[in-house]
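A.B. asks: Before I ask anything, let me first share the structure, which is written out below as structure tokens.
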Amino acid sequence: MTLQIDPANADQLQAWDTAEGVFWAEEANLFEHALHRYDDALLDLAAIRDGDQVLDLGCGTGSITEAAARLAGSGTALGVDLSSPMLAIASQSAAEPRNAAGPRNAAGPRNLAYLQADAQVYPFPDAEFDVVLSRTGTMFFADQVAAFTNIGRATRPGGRLALLSWRSAPENEWFAAFTTALAAGRELPSPPPGAPGPFAQADPLMVARDLKAAGFAEPTFEAVDEPMYFGRDAPTAERFVLGVLGWLLVGLDDETRTDALAALRADLQAHQTAEGVAYASSAWLIGSTKE
Ligand SMILES: C[S@@+](CC[C@H](N)C(=O)[O-])C[C@H]1O[C@@H](n2cnc3c(N)ncnc32)[C@H](O)[C@@H]1O
């Protein structure tokens with residue numbers, strides 16, 4: 001069956017359902033380690049209770065969907081995402097223990113399901129969900145108001161929204177450091193404010209405007225700063241960074257490219273800590289309720 005998407009999300013489908021999604025799926029453990037410091041704060045804000053019906057937006061490889069399912073107990077969690085390779089990892093992980101220290105062959109939670117869909121337009125049932133959450137998944141919707149109107153229709157009145165989204169690029173040391181190294185002295189164009197991408201929800205005024213237009217109550221914003229990990233050592237971190245931002249090297253001549261990679265390596269080595277290669281990062285915890 002053909003996936004129904006808003007045509008404005010075609011670029012995101014193309015990216016996440018092919019090379020970018022394959023990289024995230026293959027390196028799921030690296031991405032989990034990178035973001036894990038934020039999980040408790042997001043789940044605390046979501047305040048999932050036994051019996052809740054939970055929707056995880058842009059669930060990727062599913063670790064937050066699984067955590068939500070465990071907290072929902074007799075309820076359920078549904079993870080939706082555009083990316084078939086990432087959803088394949090999510091489904092596989094649900095059938096096996098994620099934590100190697102867990103009981104051998106223990107199954108993951110059974111009260112969850114995954115769906116490949118564009119959350120902006122998918123016809124979810126009306127007023128189905130008690131809690132809607134997302135870890136860095138909602139900044140990629142091309143039309144924020146249309147997406148949150150659709151998601152709001154599927155949220156019961158009083159249902160909770162909990163989002164973790166990046167604050168601006170300059171507030172995220174990792175992004176500034178990697179783009180500076182790989183730009184190799186070039187002035188890189190900045191995307192227009194609100195354009196789909198990691199920093200599309202960095203401006204609280206724009207996010208509040210869009211959520212209220214979609215039928216959500218005045219949102220709350222809490223800034224959370226955590227170290228973000230890019231791997232146990234510099235070579236692992238280099239693989240991680242080039243998997244996400246390697247396209248920045250396209251078009252550089254050999255000498256400039258060599259210099260850019262040397263600058264990246266030196267920066268990664270300078271950020272080695274006992275827990276791995278770590279950079280400062282900063283996100284918004286955005287909370288609201290459906291009116
Ligand atoms: C940065 S990843 C985050 C994945 C996951 N939440 C995590 O924290 O590991 C963003 C995810 O949003 C998904 N996504 C982007 N636009 C979407 C849309 N319109 N509908 C559903 N998922 C979408 C992508 O496929 C991708 O998996």
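Starting from 1 in every chain, residues are counted up; chains themselves are A, B, ... following the order of the structure tokens, and ligands are numbered from 1 as listed.
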Quick one: residues within 7 Å of ligand 1, with only C-alpha atoms and all ligand atoms, as a PyMOL selection string?
C.D. replies: chain A and resi 9+12-13+16-17+21+31-32+57-62+80-83+86+117-120+134-138+140-141
A.B. asks: Write down as a ChimeraX atom specification the residues of region 136-252 of chain A whose backbone DSSP state falls under strand (DSSP E or B).
C.D. replies: /A:155-166,216,220-229
A.B. asks: So what do you get for CA of Thr258 (chain A) versus CA of Thr180 (chain A), distance-wise?
C.D. replies: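 Here the two named atoms are 14.3 Å from each other.
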A.B. asks: Of the candidates A:Ile64, A:Ala169, A:Ala184, A:Val241, which one gets nearest to Leu35 (chain A) if we count only C-alpha atoms?
C.D. replies: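 Smallest separation from Leu35 (chain A) among the options: A:Ile64.
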A.B. asks: Write out as number ranges by chain which residues come within 12 Å of Val22 (chain A) when counting only C-alpha atoms, dropping same-chain ones fewer than 2 positions away.
C.D. replies: A: 14-20, 24-28, 60-61, 83-89, 243-244
A.B. asks: Skipping near chain neighbours, those fewer than 6 positions away, what residues fall within 12 Å of Ala262 (chain A) using only C-alpha atoms, listed as a PyMOL selection string?
C.D. replies: chain A and resi 178+181-182+184+234-235+238+255-256+268-269
A.B. asks: How would the residues just picked look written out with N, CA, C and O atoms as a PDB file, in the first residue's frame?
C.D. replies:
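Written file, out-v4.pdb:
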ATOM      1  N   PHE A 178      30.849  20.957  14.907  1.00  0.00           N
ATOM      2  CA  PHE A 178      30.969  20.082  13.733  1.00  0.00           C
ATOM      3  C   PHE A 178      30.791  20.878  12.433  1.00  0.00           C
ATOM      4  O   PHE A 178      31.502  20.648  11.459  1.00  0.00           O
ATOM      5  N   ALA A 181      33.977  22.944  11.767  1.00  0.00           N
ATOM      6  CA  ALA A 181      35.091  22.140  11.247  1.00  0.00           C
ATOM      7  C   ALA A 181      34.848  21.755   9.788  1.00  0.00           C
ATOM      8  O   ALA A 181      35.731  21.909   8.937  1.00  0.00           O
ATOM      9  N   LEU A 182      33.633  21.283   9.483  1.00  0.00           N
ATOM     10  CA  LEU A 182      33.372  20.757   8.139  1.00  0.00           C
ATOM     11  C   LEU A 182      33.121  21.870   7.115  1.00  0.00           C
ATOM     12  O   LEU A 182      33.260  21.650   5.912  1.00  0.00           O
ATOM     13  N   ALA A 184      35.027  24.361   6.803  1.00  0.00           N
ATOM     14  CA  ALA A 184      36.380  24.678   6.324  1.00  0.00           C
ATOM     15  C   ALA A 184      36.484  26.125   5.843  1.00  0.00           C
ATOM     16  O   ALA A 184      36.991  26.403   4.757  1.00  0.00           O
ATOM     17  N   ALA A 234      37.320   8.979  19.616  1.00  0.00           N
ATOM     18  CA  ALA A 234      37.253   9.919  18.481  1.00  0.00           C
ATOM     19  C   ALA A 234      36.948   9.231  17.144  1.00  0.00           C
ATOM     20  O   ALA A 234      36.143   9.751  16.360  1.00  0.00           O
ATOM     21  N   PRO A 235      37.554   8.057  16.839  1.00  0.00           N
ATOM     22  CA  PRO A 235      37.201   7.412  15.554  1.00  0.00           C
ATOM     23  C   PRO A 235      35.713   7.051  15.466  1.00  0.00           C
ATOM     24  O   PRO A 235      35.093   7.211  14.408  1.00  0.00           O
ATOM     25  N   GLU A 238      33.859  10.244  14.903  1.00  0.00           N
ATOM     26  CA  GLU A 238      34.033  10.735  13.523  1.00  0.00           C
ATOM     27  C   GLU A 238      33.059  10.017  12.584  1.00  0.00           C
ATOM     28  O   GLU A 238      32.421  10.647  11.726  1.00  0.00           O
ATOM     29  N   GLU A 255      42.573  18.994  -0.732  1.00  0.00           N
ATOM     30  CA  GLU A 255      43.365  19.579   0.349  1.00  0.00           C
ATOM     31  C   GLU A 255      42.454  20.169   1.436  1.00  0.00           C
ATOM     32  O   GLU A 255      42.680  19.965   2.631  1.00  0.00           O
ATOM     33  N   THR A 256      41.403  20.883   1.008  1.00  0.00           N
ATOM     34  CA  THR A 256      40.504  21.502   1.982  1.00  0.00           C
ATOM     35  C   THR A 256      39.743  20.434   2.760  1.00  0.00           C
ATOM     36  O   THR A 256      39.512  20.543   3.960  1.00  0.00           O
ATOM     37  N   LEU A 268      37.229  16.470  18.141  1.00  0.00           N
ATOM     38  CA  LEU A 268      36.668  15.277  18.793  1.00  0.00           C
ATOM     39  C   LEU A 268      37.624  14.784  19.875  1.00  0.00           C
ATOM     40  O   LEU A 268      37.200  14.431  20.987  1.00  0.00           O
ATOM     41  N   GLN A 269      38.930  14.788  19.565  1.00  0.00           N
ATOM     42  CA  GLN A 269      39.905  14.314  20.564  1.00  0.00           C
ATOM     43  C   GLN A 269      39.913  15.231  21.779  1.00  0.00           C
ATOM     44  O   GLN A 269      40.039  14.777  22.910  1.00  0.00           O
TER      45      GLN A 269
END
A.B. asks: If you count only C-alpha atoms, which residues fall within 9 Å of region 49-52 of chain A, apart from same-chain ones fewer than 6 positions away, as a list in words?
C.D. replies: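 Skipping anything fewer than 6 positions along the chain leaves Ala69, Arg70, Leu71, Ala72, Gly73, Ser74, Gly75, Thr76, Ala77, Phe129, Asp130 and Val131 of chain A.
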A.B. asks: One decimal, Å: what's the distance from CA of Pro192 (chain A) over to CA of Leu261 (chain A), could you say?
C.D. replies: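 Calculated distance between CA of Pro192 (chain A) and CA of Leu261 (chain A) is 27.5 Å.
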A.B. asks: Let me make sure I understand: among A:Arg37, A:Ala142, A:Ala95, A:Gly79, which one has the smallest atom-to-atom distance to Asp6 (chain A) if we use only C-alpha atoms?
C.D. replies: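 Among the listed residues, A:Ala142 lies closest to Asp6 (chain A).
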A.B. asks: Among region 96-185 of chain A, which ones does DSSP assign to helix (DSSP H, G or I) (computed from the backbone)? Answer as a list in words.
C.D. replies: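 Listing helix (DSSP H, G or I) positions across region 96-185 of chain A yields Gln144, Val145, Ala146, Ala147, Phe148, Thr149, Asn150, Ile151, Gly152, Arg153, Ala169, Pro170, Glu171, Glu173, Trp174, Phe175, Ala176, Ala177, Phe178, Thr179, Thr180, Ala181, Leu182 and Ala183 of chain A.
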A.B. asks: Take CA of Thr149 (chain A) and CA of Ile48 (chain A) and report the distance between them in Å, one decimal.
C.D. replies: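 That distance, rounded to one decimal, is 21.8 Å.
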A.B. asks: Excluding Asp203 (chain A) and its own-chain neighbours fewer than 2 positions away, which residues fall within 9 Å of it when counting only C-alpha atoms? Please give them as a ChimeraX atom specification.
C.D. replies: /A:167-168,193-194,199-201,205-208
A.B. asks: Can you pull out the residues contacting Ser281 (chain A)? Cut-off 10 Å, using only C-alpha atoms, and skip same-chain residues under 4 positions away; I want them as an MDAnalysis selection string.
C.D. replies: chainID A and resid 35 166:175 224:229
